[in-house]
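This is query.pdb. It holds PDB, C-alpha atoms.
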```pdb
ATOM      1  CA  MET A  18     -21.315   7.853   0.515
ATOM      2  CA  ILE A  19     -17.885   9.574   0.630
ATOM      3  CA  LYS A  20     -16.408   6.483   2.274
ATOM      4  CA  LYS A  21     -17.780   4.213  -0.472
ATOM      5  CA  VAL A  22     -16.486   6.504  -3.213
ATOM      6  CA  LEU A  23     -13.004   6.518  -1.630
ATOM      7  CA  TYR A  24     -12.964   2.720  -1.425
ATOM      8  CA  PHE A  25     -14.034   2.480  -5.053
ATOM      9  CA  VAL A  26     -11.258   4.824  -6.190
ATOM     10  CA  LEU A  27      -8.666   2.857  -4.217
ATOM     11  CA  LEU A  28      -9.849  -0.407  -5.735
ATOM     12  CA  ILE A  29      -9.828   0.861  -9.306
ATOM     13  CA  VAL A  30      -6.523   2.709  -9.164
ATOM     14  CA  PHE A  31      -4.445   0.315  -7.085
ATOM     15  CA  PHE A  32      -5.708  -3.237  -7.207
ATOM     16  CA  SER A  33      -6.983  -3.368 -10.785
ATOM     17  CA  ALA A  34      -3.516  -2.194 -11.823
ATOM     18  CA  LEU A  35      -2.217  -5.415 -10.280
ATOM     19  CA  ASN A  36      -4.412  -7.273 -12.798
ATOM     20  CA  ALA A  37      -6.760  -8.379 -10.006
ATOM     21  CA  GLN A  38      -4.176 -10.928  -8.927
ATOM     22  CA  ASN A  39      -4.265 -11.848  -5.261
ATOM     23  CA  LEU A  40      -1.058 -10.357  -3.910
ATOM     24  CA  SER A  41      -0.973 -12.795  -1.008
ATOM     25  CA  GLU A  42      -1.191 -15.834  -3.290
ATOM     26  CA  LEU A  43       1.691 -14.636  -5.448
ATOM     27  CA  ILE A  44       4.000 -14.039  -2.513
ATOM     28  CA  GLN A  45       3.225 -17.389  -0.890
ATOM     29  CA  GLU A  46       4.649 -19.141  -3.959
ATOM     30  CA  VAL A  47       8.221 -18.030  -3.188
ATOM     31  CA  GLY A  48      10.643 -19.342  -0.587
ATOM     32  CA  GLU A  49      12.525 -17.179   1.867
ATOM     33  CA  ASN A  50      15.783 -17.116  -0.126
ATOM     34  CA  VAL A  51      14.073 -15.506  -3.159
ATOM     35  CA  LEU A  52      11.483 -13.402  -1.323
ATOM     36  CA  ALA A  53      13.578 -10.225  -1.270
ATOM     37  CA  GLY A  54      14.382 -10.413  -4.980
ATOM     38  CA  TYR A  55      10.792 -11.089  -6.010
ATOM     39  CA  THR A  56       9.189  -8.407  -3.816
ATOM     40  CA  LYS A  57      11.851  -5.669  -3.796
ATOM     41  CA  PRO A  58      10.102  -3.551  -6.483
ATOM     42  CA  ILE A  59       6.820  -3.422  -4.572
ATOM     43  CA  VAL A  60       8.665  -2.568  -1.344
ATOM     44  CA  ASN A  61      10.465   0.241  -3.178
ATOM     45  CA  SER A  62       7.217   1.441  -4.766
ATOM     46  CA  PHE A  63       5.269   1.423  -1.522
ATOM     47  CA  GLY A  64       7.983   3.424   0.210
ATOM     48  CA  ALA A  65       8.457   5.845  -2.680
ATOM     49  CA  SER A  66       4.748   6.576  -3.104
ATOM     50  CA  LEU A  67       3.818   6.868   0.571
ATOM     51  CA  ASN A  68       6.723   9.227   1.256
ATOM     52  CA  SER A  69       5.491  11.569  -1.497
ATOM     53  CA  GLY A  70       2.977  14.393  -1.281
ATOM     54  CA  LEU A  71       3.586  14.946   2.437
ATOM     55  CA  PHE A  72       3.900  18.734   2.034
ATOM     56  CA  HIS A  73       3.138  21.438  -0.513
ATOM     57  CA  SER A  74       4.401  24.450   1.419
ATOM     58  CA  ALA A  75       6.856  25.071   4.227
ATOM     59  CA  LYS A  76       4.442  27.603   5.747
ATOM     60  CA  SER A  77       2.336  26.060   8.516
ATOM     61  CA  HIS A  78      -1.348  26.719   9.137
ATOM     62  CA  LYS A  79      -2.441  29.039  11.906
ATOM     63  CA  ILE A  80      -4.093  27.401  14.918
ATOM     64  CA  GLY A  81      -7.321  25.853  13.649
ATOM     65  CA  GLY A  82      -6.402  26.327  10.003
ATOM     66  CA  PHE A  83      -6.399  23.219   7.837
ATOM     67  CA  ASP A  84      -6.264  21.741   4.391
ATOM     68  CA  LEU A  85      -7.976  18.568   3.236
ATOM     69  CA  GLN A  86      -6.704  17.037   0.005
ATOM     70  CA  LEU A  87      -6.842  13.924  -2.074
ATOM     71  CA  LYS A  88      -3.245  12.949  -2.828
ATOM     72  CA  ALA A  89      -2.226  10.872  -5.838
ATOM     73  CA  MET A  90       1.148   9.279  -6.635
ATOM     74  CA  TYR A  91       2.540   7.763  -9.824
ATOM     75  CA  VAL A  92       5.686   5.595  -9.673
ATOM     76  CA  PRO A  93       7.137   4.355 -13.005
ATOM     77  CA  ILE A  94       8.716   0.919 -12.592
ATOM     78  CA  PRO A  95      12.342   0.956 -13.836
ATOM     79  CA  GLU A  96      13.633  -1.866 -16.023
ATOM     80  CA  ASP A  97      15.891  -3.227 -13.285
ATOM     81  CA  GLY A  98      12.787  -3.667 -11.136
ATOM     82  CA  LYS A  99      11.253  -6.245 -13.482
ATOM     83  CA  THR A 100      13.708  -9.138 -13.074
ATOM     84  CA  TYR A 101      15.975 -10.508 -10.343
ATOM     85  CA  SER A 102      18.688 -13.135  -9.971
ATOM     86  CA  TYR A 103      17.648 -16.137  -7.936
ATOM     87  CA  ARG A 104      19.459 -18.949  -6.113
ATOM     88  CA  VAL A 105      17.112 -21.816  -5.295
ATOM     89  CA  LEU A 106      17.925 -24.850  -3.175
ATOM     90  CA  GLY A 107      17.441 -28.303  -4.705
ATOM     91  CA  LEU A 108      17.495 -31.810  -3.241
ATOM     92  CA  TRP A 109      18.965 -34.641  -5.326
ATOM     93  CA  LEU A 110      17.650 -38.090  -4.440
ATOM     94  CA  HIS A 111      19.852 -40.925  -5.702
ATOM     95  CA  GLN A 112      20.920 -44.446  -4.823
ATOM     96  CA  ASN A 113      24.334 -45.171  -3.341
ATOM     97  CA  GLY A 114      25.231 -48.786  -2.608
ATOM     98  CA  GLY A 115      21.630 -49.949  -2.569
ATOM     99  CA  SER A 116      20.383 -47.171  -0.272
ATOM    100  CA  TYR A 117      19.002 -43.768  -1.012
ATOM    101  CA  GLN A 118      21.048 -40.644  -0.452
ATOM    102  CA  ILE A 119      20.047 -36.987  -0.582
ATOM    103  CA  ASP A 120      22.489 -34.254  -1.610
ATOM    104  CA  SER A 121      21.951 -30.531  -1.883
ATOM    105  CA  VAL A 122      22.256 -28.679  -5.175
ATOM    106  CA  TRP A 123      21.684 -25.038  -6.098
ATOM    107  CA  PHE A 124      19.940 -23.590  -9.141
ATOM    108  CA  ASN A 125      20.804 -20.095 -10.367
ATOM    109  CA  GLY A 126      19.035 -17.971 -12.940
ATOM    110  CA  THR A 127      16.894 -14.937 -13.659
ATOM    111  CA  ALA A 128      13.160 -14.661 -12.973
ATOM    112  CA  ASN A 129      10.427 -12.044 -13.153
ATOM    113  CA  THR A 130       9.736  -9.900 -10.114
ATOM    114  CA  ILE A 131       6.211  -9.176  -8.952
ATOM    115  CA  PHE A 132       6.180  -6.332 -11.512
ATOM    116  CA  GLY A 133       7.820  -8.363 -14.294
ATOM    117  CA  ASP A 134       6.273 -10.226 -17.224
ATOM    118  CA  THR A 135       3.348 -12.585 -16.718
ATOM    119  CA  VAL A 136       5.543 -15.626 -17.349
ATOM    120  CA  GLU A 137       6.248 -18.301 -14.762
ATOM    121  CA  THR A 138       9.907 -19.303 -14.368
ATOM    122  CA  ILE A 139      10.654 -23.040 -14.254
ATOM    123  CA  VAL A 140      13.595 -23.620 -11.908
ATOM    124  CA  TYR A 141      13.804 -27.398 -12.395
ATOM    125  CA  GLU A 142      11.324 -30.189 -12.978
ATOM    126  CA  GLY A 143      12.802 -33.653 -12.846
ATOM    127  CA  ARG A 144      12.213 -37.075 -11.441
ATOM    128  CA  ASP A 145      14.969 -37.360  -8.865
ATOM    129  CA  THR A 146      15.757 -33.698  -8.124
ATOM    130  CA  PHE A 147      13.432 -31.344  -6.316
ATOM    131  CA  ALA A 148      13.867 -27.597  -6.626
ATOM    132  CA  ILE A 149      12.329 -25.721  -3.684
ATOM    133  CA  PRO A 150      10.198 -24.376  -5.242
ATOM    134  CA  PRO A 151      10.234 -26.041  -8.704
ATOM    135  CA  SER A 152       8.945 -22.830 -10.306
ATOM    136  CA  LEU A 153       8.801 -19.138  -9.435
ATOM    137  CA  PRO A 154       5.593 -17.131  -9.852
ATOM    138  CA  GLU A 155       4.860 -14.815 -12.712
ATOM    139  CA  GLY A 156       4.784 -11.054 -12.467
ATOM    140  CA  THR A 157       1.924  -8.671 -13.113
ATOM    141  CA  ALA A 158       3.427  -6.744 -16.093
ATOM    142  CA  PHE A 159       2.851  -3.650 -13.982
ATOM    143  CA  LYS A 160       4.490  -0.669 -15.735
ATOM    144  CA  PHE A 161       3.686   1.832 -13.001
ATOM    145  CA  PHE A 162       2.533   1.876  -9.404
ATOM    146  CA  PRO A 163      -0.324   4.261  -8.516
ATOM    147  CA  PHE A 164      -1.547   5.221  -5.085
ATOM    148  CA  ILE A 165      -4.232   7.588  -3.836
ATOM    149  CA  MET A 166      -5.236   8.665  -0.334
ATOM    150  CA  PRO A 167      -6.884  11.469   1.681
ATOM    151  CA  GLN A 168      -4.656  13.783   3.700
ATOM    152  CA  LEU A 169      -5.567  16.279   6.432
ATOM    153  CA  SER A 170      -3.174  18.921   7.812
ATOM    154  CA  VAL A 171      -4.233  21.039  10.815
ATOM    155  CA  GLY A 172      -2.516  23.900  12.655
ATOM    156  CA  VAL A 173      -2.272  23.009  16.354
ATOM    157  CA  PHE A 174       0.253  25.525  17.755
ATOM    158  CA  ASP A 175       2.089  28.566  16.436
ATOM    159  CA  GLY A 176       4.005  27.185  13.472
ATOM    160  CA  THR A 177       3.175  23.565  14.341
ATOM    161  CA  GLU A 178       1.054  21.458  12.015
ATOM    162  CA  LEU A 179      -0.361  17.952  12.452
ATOM    163  CA  LEU A 180      -0.687  15.652   9.423
ATOM    164  CA  ILE A 181      -3.093  12.713   9.238
ATOM    165  CA  ARG A 182      -3.519  10.114   6.491
ATOM    166  CA  TYR A 183      -6.102   7.421   7.060
ATOM    167  CA  VAL A 184      -8.002   4.729   5.188
ATOM    168  CA  PRO A 185     -10.167   2.470   7.418
ATOM    169  CA  THR A 186      -9.556  -1.256   7.083
ATOM    170  CA  PHE A 187     -11.935  -2.842   4.602
ATOM    171  CA  THR A 188     -12.233  -6.172   2.806
ATOM    172  CA  ILE A 189     -11.681  -6.443  -0.926
ATOM    173  CA  SER A 190     -14.049  -9.287  -1.681
ATOM    174  CA  TYR A 191     -12.864 -10.305  -5.139
ATOM    175  CA  LEU A 192      -9.222 -10.298  -4.027
ATOM    176  CA  ASN A 193      -9.915 -11.943  -0.671
ATOM    177  CA  ASP A 194      -7.636  -9.394   0.988
ATOM    178  CA  GLU A 195      -8.006  -6.678   3.599
ATOM    179  CA  PHE A 196      -6.532  -3.236   3.099
ATOM    180  CA  GLY A 197      -5.865  -0.651   5.800
ATOM    181  CA  PHE A 198      -3.634   2.394   6.094
ATOM    182  CA  TYR A 199      -2.782   5.243   8.458
ATOM    183  CA  GLY A 200      -0.100   7.887   8.755
ATOM    184  CA  ILE A 201       0.633  10.624  11.265
ATOM    185  CA  GLY A 202       3.197  13.395  11.191
ATOM    186  CA  ILE A 203       4.172  16.742  12.627
ATOM    187  CA  LYS A 204       5.696  19.794  10.946
ATOM    188  CA  GLN A 205       7.360  22.812  12.553
ATOM    189  CA  GLU A 206       7.863  26.025  10.621
ATOM    190  CA  ILE A 207      11.260  27.418  11.601
ATOM    191  CA  ASN A 208      10.142  30.993  10.882
ATOM    192  CA  GLN A 209       7.623  30.779  13.742
ATOM    193  CA  LEU A 210      10.198  29.850  16.374
ATOM    194  CA  PRO A 211      11.072  32.544  18.962
ATOM    195  CA  LEU A 212      14.424  33.288  17.374
ATOM    196  CA  PRO A 213      15.282  36.848  16.257
ATOM    197  CA  PHE A 214      16.930  36.015  12.950
ATOM    198  CA  VAL A 215      14.390  33.551  11.481
ATOM    199  CA  LYS A 216      11.409  35.921  11.243
ATOM    200  CA  ASP A 217      13.150  38.021   8.580
ATOM    201  CA  LEU A 218      14.108  35.132   6.309
ATOM    202  CA  PRO A 219      12.998  35.700   2.676
ATOM    203  CA  VAL A 220      11.612  32.139   2.470
ATOM    204  CA  ASN A 221       9.628  29.801   4.697
ATOM    205  CA  ILE A 222      11.557  26.868   6.161
ATOM    206  CA  ALA A 223      10.137  23.853   8.001
ATOM    207  CA  VAL A 224      11.068  20.409   9.244
ATOM    208  CA  GLN A 225       8.666  17.482   9.237
ATOM    209  CA  GLY A 226       8.592  13.906  10.519
ATOM    210  CA  VAL A 227       6.018  11.294   9.459
ATOM    211  CA  TYR A 228       5.268   7.675  10.374
ATOM    212  CA  GLN A 229       3.004   5.521   8.169
ATOM    213  CA  ASN A 230       1.701   1.956   8.336
ATOM    214  CA  LEU A 231      -0.027  -0.072   5.625
ATOM    215  CA  LYS A 232      -1.545  -3.553   5.725
ATOM    216  CA  VAL A 233      -2.595  -5.720   2.777
ATOM    217  CA  GLY A 234      -4.136  -9.076   3.636
ATOM    218  CA  ASP A 235      -2.809 -11.208   6.444
ATOM    219  CA  ILE A 236       0.778 -11.407   5.259
ATOM    220  CA  VAL A 237       1.893  -7.874   4.320
ATOM    221  CA  THR A 238       2.556  -5.113   6.856
ATOM    222  CA  SER A 239       4.610  -2.031   6.067
ATOM    223  CA  SER A 240       6.331   0.465   8.343
ATOM    224  CA  ILE A 241       7.538   3.749   6.870
ATOM    225  CA  VAL A 242       9.406   6.681   8.431
ATOM    226  CA  ASN A 243      10.181   9.975   6.699
ATOM    227  CA  VAL A 244      11.943  13.218   7.712
ATOM    228  CA  ASN A 245      11.832  16.315   5.477
ATOM    229  CA  LEU A 246      13.528  19.689   5.299
ATOM    230  CA  GLU A 247      11.210  22.028   3.366
ATOM    231  CA  VAL A 248      11.636  25.458   1.774
ATOM    232  CA  SER A 249       8.934  27.495  -0.004
ATOM    233  CA  LYS A 250       8.134  31.037  -1.135
ATOM    234  CA  ASN A 251       4.676  32.562  -1.588
ATOM    235  CA  LEU A 252       4.464  34.378  -4.935
ATOM    236  CA  ALA A 253       0.925  35.702  -5.417
ATOM    237  CA  ILE A 254      -1.193  32.642  -6.206
ATOM    238  CA  ILE A 255       1.782  30.326  -6.830
ATOM    239  CA  THR A 256       3.972  28.800  -4.119
ATOM    240  CA  PRO A 257       7.078  27.004  -5.406
ATOM    241  CA  TYR A 258       8.668  24.607  -2.933
ATOM    242  CA  VAL A 259      11.654  22.265  -2.640
ATOM    243  CA  GLY A 260      12.598  19.652  -0.099
ATOM    244  CA  LEU A 261      15.254  17.199   0.988
ATOM    245  CA  GLY A 262      14.013  14.009   2.606
ATOM    246  CA  TRP A 263      15.401  10.958   4.383
ATOM    247  CA  GLU A 264      13.255   7.850   4.539
ATOM    248  CA  ASP A 265      13.195   4.279   5.744
ATOM    249  CA  ALA A 266      10.557   1.909   4.411
ATOM    250  CA  GLN A 267      10.173  -1.804   4.996
ATOM    251  CA  ILE A 268       7.569  -4.507   4.540
ATOM    252  CA  ARG A 269       7.185  -7.518   6.786
ATOM    253  CA  PHE A 270       6.038 -10.684   5.017
ATOM    254  CA  LYS A 271       4.554 -13.377   7.219
ATOM    255  CA  TYR A 272       3.111 -16.483   5.557
ATOM    256  CA  SER A 273       3.278 -20.256   5.139
ATOM    257  CA  PHE A 274       5.277 -21.678   2.235
ATOM    258  CA  SER A 275       4.526 -25.218   0.989
ATOM    259  CA  PHE A 276       6.819 -27.323  -1.190
ATOM    260  CA  GLU A 277       7.448 -30.913  -2.290
ATOM    261  CA  GLU A 278      10.450 -32.834  -0.975
ATOM    262  CA  PRO A 279      11.558 -36.465  -0.520
ATOM    263  CA  ASP A 280       9.875 -38.318   2.347
ATOM    264  CA  LEU A 281      12.865 -39.542   4.374
ATOM    265  CA  SER A 282      10.703 -42.056   6.240
ATOM    266  CA  ASN A 283       9.279 -43.544   3.048
ATOM    267  CA  LEU A 284      11.786 -43.186   0.217
ATOM    268  CA  PRO A 285      11.555 -42.833  -2.726
ATOM    269  CA  ASN A 286       8.133 -41.289  -2.100
ATOM    270  CA  THR A 287       7.659 -37.550  -1.621
ATOM    271  CA  LYS A 288       5.649 -35.385   0.729
ATOM    272  CA  ILE A 289       4.382 -31.816   0.961
ATOM    273  CA  SER A 290       6.140 -29.796   3.651
ATOM    274  CA  THR A 291       5.238 -26.362   4.992
ATOM    275  CA  ILE A 292       7.462 -23.830   6.702
ATOM    276  CA  ASN A 293       6.466 -20.524   8.280
ATOM    277  CA  ILE A 294       8.269 -17.506   6.874
ATOM    278  CA  ASP A 295       8.592 -14.206   8.711
ATOM    279  CA  LYS A 296      10.950 -11.873   6.845
ATOM    280  CA  THR A 297      11.325  -8.109   6.543
ATOM    281  CA  VAL A 298      12.430  -6.579   3.231
ATOM    282  CA  LYS A 299      13.797  -3.023   3.267
ATOM    283  CA  ALA A 300      13.331  -0.480   0.484
ATOM    284  CA  GLU A 301      16.362   0.832  -1.372
ATOM    285  CA  ASN A 302      15.164   4.463  -1.258
ATOM    286  CA  LYS A 303      16.941   6.466   1.451
ATOM    287  CA  MET A 304      17.217  10.054   0.226
ATOM    288  CA  ARG A 305      14.998  12.112  -2.048
ATOM    289  CA  LEU A 306      14.896  15.568  -3.599
ATOM    290  CA  VAL A 307      11.504  17.223  -4.072
ATOM    291  CA  ALA A 308      10.556  20.132  -6.326
ATOM    292  CA  GLY A 309       7.010  21.312  -6.890
ATOM    293  CA  PHE A 310       4.507  24.131  -6.853
ATOM    294  CA  THR A 311       1.115  24.939  -5.346
ATOM    295  CA  ILE A 312      -1.609  27.020  -6.994
ATOM    296  CA  ASN A 313      -3.765  28.833  -4.445
ATOM    297  CA  LEU A 314      -7.226  29.766  -5.748
ATOM    298  CA  GLY A 315      -8.927  30.980  -2.622
ATOM    299  CA  PRO A 316      -9.926  27.923  -0.601
ATOM    300  CA  LEU A 317      -9.118  25.657  -3.560
ATOM    301  CA  VAL A 318      -5.519  24.385  -3.785
ATOM    302  CA  LEU A 319      -3.809  22.361  -6.490
ATOM    303  CA  ASN A 320      -0.240  21.110  -6.230
ATOM    304  CA  GLY A 321       2.192  18.855  -8.057
ATOM    305  CA  ALA A 322       5.767  17.727  -7.470
ATOM    306  CA  TYR A 323       8.539  15.541  -8.797
ATOM    307  CA  ASN A 324      10.295  13.364  -6.209
ATOM    308  CA  TYR A 325      13.746  12.215  -7.302
ATOM    309  CA  SER A 326      15.054   9.039  -5.650
ATOM    310  CA  LYS A 327      15.873   5.402  -6.475
ATOM    311  CA  TYR A 328      12.216   5.031  -7.495
ATOM    312  CA  SER A 329      11.164   8.530  -8.580
ATOM    313  CA  VAL A 330       7.577   9.682  -8.096
ATOM    314  CA  ILE A 331       5.206  12.198  -9.631
ATOM    315  CA  SER A 332       2.747  13.367  -6.975
ATOM    316  CA  GLY A 333      -0.198  15.717  -6.925
ATOM    317  CA  GLY A 334      -2.960  16.948  -4.686
ATOM    318  CA  LEU A 335      -6.338  18.652  -4.951
ATOM    319  CA  GLY A 336      -8.466  19.983  -2.114
ATOM    320  CA  ILE A 337      -9.441  22.895   0.086
ATOM    321  CA  SER A 338      -7.272  25.016   2.364
ATOM    322  CA  ILE A 339      -8.283  27.438   5.125
ATOM    323  CA  ARG A 340      -5.241  29.188   6.524
TER     324      ARG A 340
END
```
Give the structure from the file, written as structure tokens.
Amino acid sequence: MIKKVLYFVLLIVFFSALNAQNLSELIQEVGENVLAGYTKPIVNSFGASLNSGLFHSAKSHKIGGFDLQLKAMYVPIPEDGKTYSYRVLGLWLHQNGGSYQIDSVWFNGTANTIFGDTVETIVYEGRDTFAIPPSLPEGTAFKFFPFIMPQLSVGVFDGTELLIRYVPTFTISYLNDEFGFYGIGIKQEINQLPLPFVKDLPVNIAVQGVYQNLKVGDIVTSSIVNVNLEVSKNLAIITPYVGLGWEDAQIRFKYSFSFEEPDLSNLPNTKISTINIDKTVKAENKMRLVAGFTINLGPLVLNGAYNYSKYSVISGGLGISIR
């Protein structure tokens, strides 16, 4: 039952926000030279959201202590993430001295990203010139990017804490896509190290490293790495915390792209050609500042934070904690 409820929440929050549009189908409508421009906002959003909510205190659990939370992230899409400048190759078929000749041309313009307006961009539609592709896909008019996931943190050694994020792979029938996600990380509280000067520090300090992987359909695979320096202070039931993080997020797109071009063996007829694309697009986010607070109500914990970076994020968590 819990598993079904989690799947339902993920479907409603994430995929319905994409207007139930098959993500794979949209991406397969763009060629390799415009792939980065079209998908950059979703790469940035994936990286920004998944690198949020990774901690809510620098103090680690004791051995066997744990907290289990449902984490939620909200990423507003900036205006510069809704359009991109494209450069699309074209083939001009014309006669020269009684025979056909093909020359290359380039088309430049501005189109909607995957989070832009729901308007298709016509690159060029003519009789003797073939833009590859002739049009660029519409966006989803997505004003924000939400994400939600379970997160478990467990104390395994003195001052050492293991983090696990996991969503089993499942099929989204009406989108014809599979979704799967996992993340694993480790945090070390500096105050618990066998060093004489750190035990008397007025705040808790920790370092954390996390690796995460997400898969959507057959063509999208992400790889995300994050390192955090964390500082917090327990004040009765409230624990304010800050952090400085470095991150590297990328998505690998692997798909077949089909387009129309002149048939050199049967001019002036045309044919449909297909090329296999395998390209990795990196997120622009590299550094982030985090500021937040945790409310401790016995075993119940509630936390929220603002993550400042290229794509800023509001994150929150709700769950139980046994320290």
Which of these residues is nearest to Ile294 (chain A), using only C-alpha atoms: A:Val248, A:Ile59, A:Leu153, A:Ile236? A:Ile236
Point-to-point distance in Å for CA of Lys204 (chain A) and CA of Ala65 (chain A):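 These atoms are spaced 19.7 Å apart.
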List the spatial neighbours of Ile131 (chain A) as a ChimeraX atom specification - criterion: any atom at most 9 Å away, only C-alpha atoms, same-chain residues fewer than 5 positions off excluded. /A:40,43-44,55-59,98-100,154-159
What does the distance between CA of Phe276 (chain A) and CA of Thr297 (chain A) come to in Å, to one decimal place?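 Separating CA of Phe276 (chain A) from CA of Thr297 (chain A) is a distance of 21.2 Å.
Nearest to Pro285 (chain A) of all the residues A:Val298, A:Val244, A:Leu110, A:Met304 is A:Leu110, based on all atoms listed in the file.
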Which residue gives the smallest distance to Ala89 (chain A) among A:Gly54, A:Gly226, A:Pro185, A:Gly70, with all atoms listed in the file counted?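 Checking each candidate against Ala89 (chain A), we get A:Gly70 as the closest.
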I'd like to know which of A:Ser290, A:Gln86, A:Thr135, A:Gln267 is closest to Pro167 (chain A), using all atoms listed in the file.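 The answer is A:Gln86, which sits nearest to Pro167 (chain A).
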Just want the 8 Å neighbourhood of Asn61 (chain A), counted on all atoms listed in the file, with same-chain residues fewer than 4 positions away dropped. Output as a ChimeraX atom specification. /A:57,65,266,299-302,328
Taking all atoms listed in the file into account, name the residue in A:Leu85, A:Val242, A:Val47, A:Ile255 that is nearest to Val171 (chain A).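 For Val171 (chain A), the nearest of the candidates is A:Leu85.
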Would you pick out the contacts of Asp295 (chain A) at 10 Å or less, using all atoms listed in the file, so that residues sharing its chain but fewer than 4 positions from it are not included, and give the list as a PDB file with C-alpha atoms, in the coordinates of the input?
```pdb
ATOM      1  CA  GLU A  49      12.525 -17.179   1.867  1.00  0.00           C
ATOM      2  CA  ILE A 236       0.778 -11.407   5.259  1.00  0.00           C
ATOM      3  CA  ARG A 269       7.185  -7.518   6.786  1.00  0.00           C
ATOM      4  CA  PHE A 270       6.038 -10.684   5.017  1.00  0.00           C
ATOM      5  CA  LYS A 271       4.554 -13.377   7.219  1.00  0.00           C
ATOM      6  CA  TYR A 272       3.111 -16.483   5.557  1.00  0.00           C
ATOM      7  CA  SER A 273       3.278 -20.256   5.139  1.00  0.00           C
TER       8      SER A 273
END
```
When the PyMOL selection byres ((chain A and resi 182) around 8) is applied to the file above, which residues end up in the set, as JSON, numbers by chain? {"A": [166, 167, 168, 169, 180, 181, 183, 184, 198, 199, 200, 201]}
Would you give the centre and edge lengths, in Å to one decimal, of a box along x, y and z around the listed atoms of region 219-224 of chain A, with 3 Å added to each side, as JSON?
```
{"center_x": 11.3, "center_y": 28.1, "center_z": 5.9, "size_x": 9.4, "size_y": 21.3, "size_z": 12.8}
```
Please identify all polymer residues within 12 Å of Gln118 (chain A), counting all atoms listed in the file, omitting same-chain residues fewer than 5 positions from it, and present them as JSON, numbers by chain. {"A": [108, 109, 110, 111, 112, 113, 145, 146, 279, 280, 281, 284, 285]}
Evaluate the PyMOL selection byres ((chain A and resi 176) around 12) against this structure - the residues, as a ChimeraX atom specification, please. /A:75-82,171-175,177-179,203-211,216,221-225,340
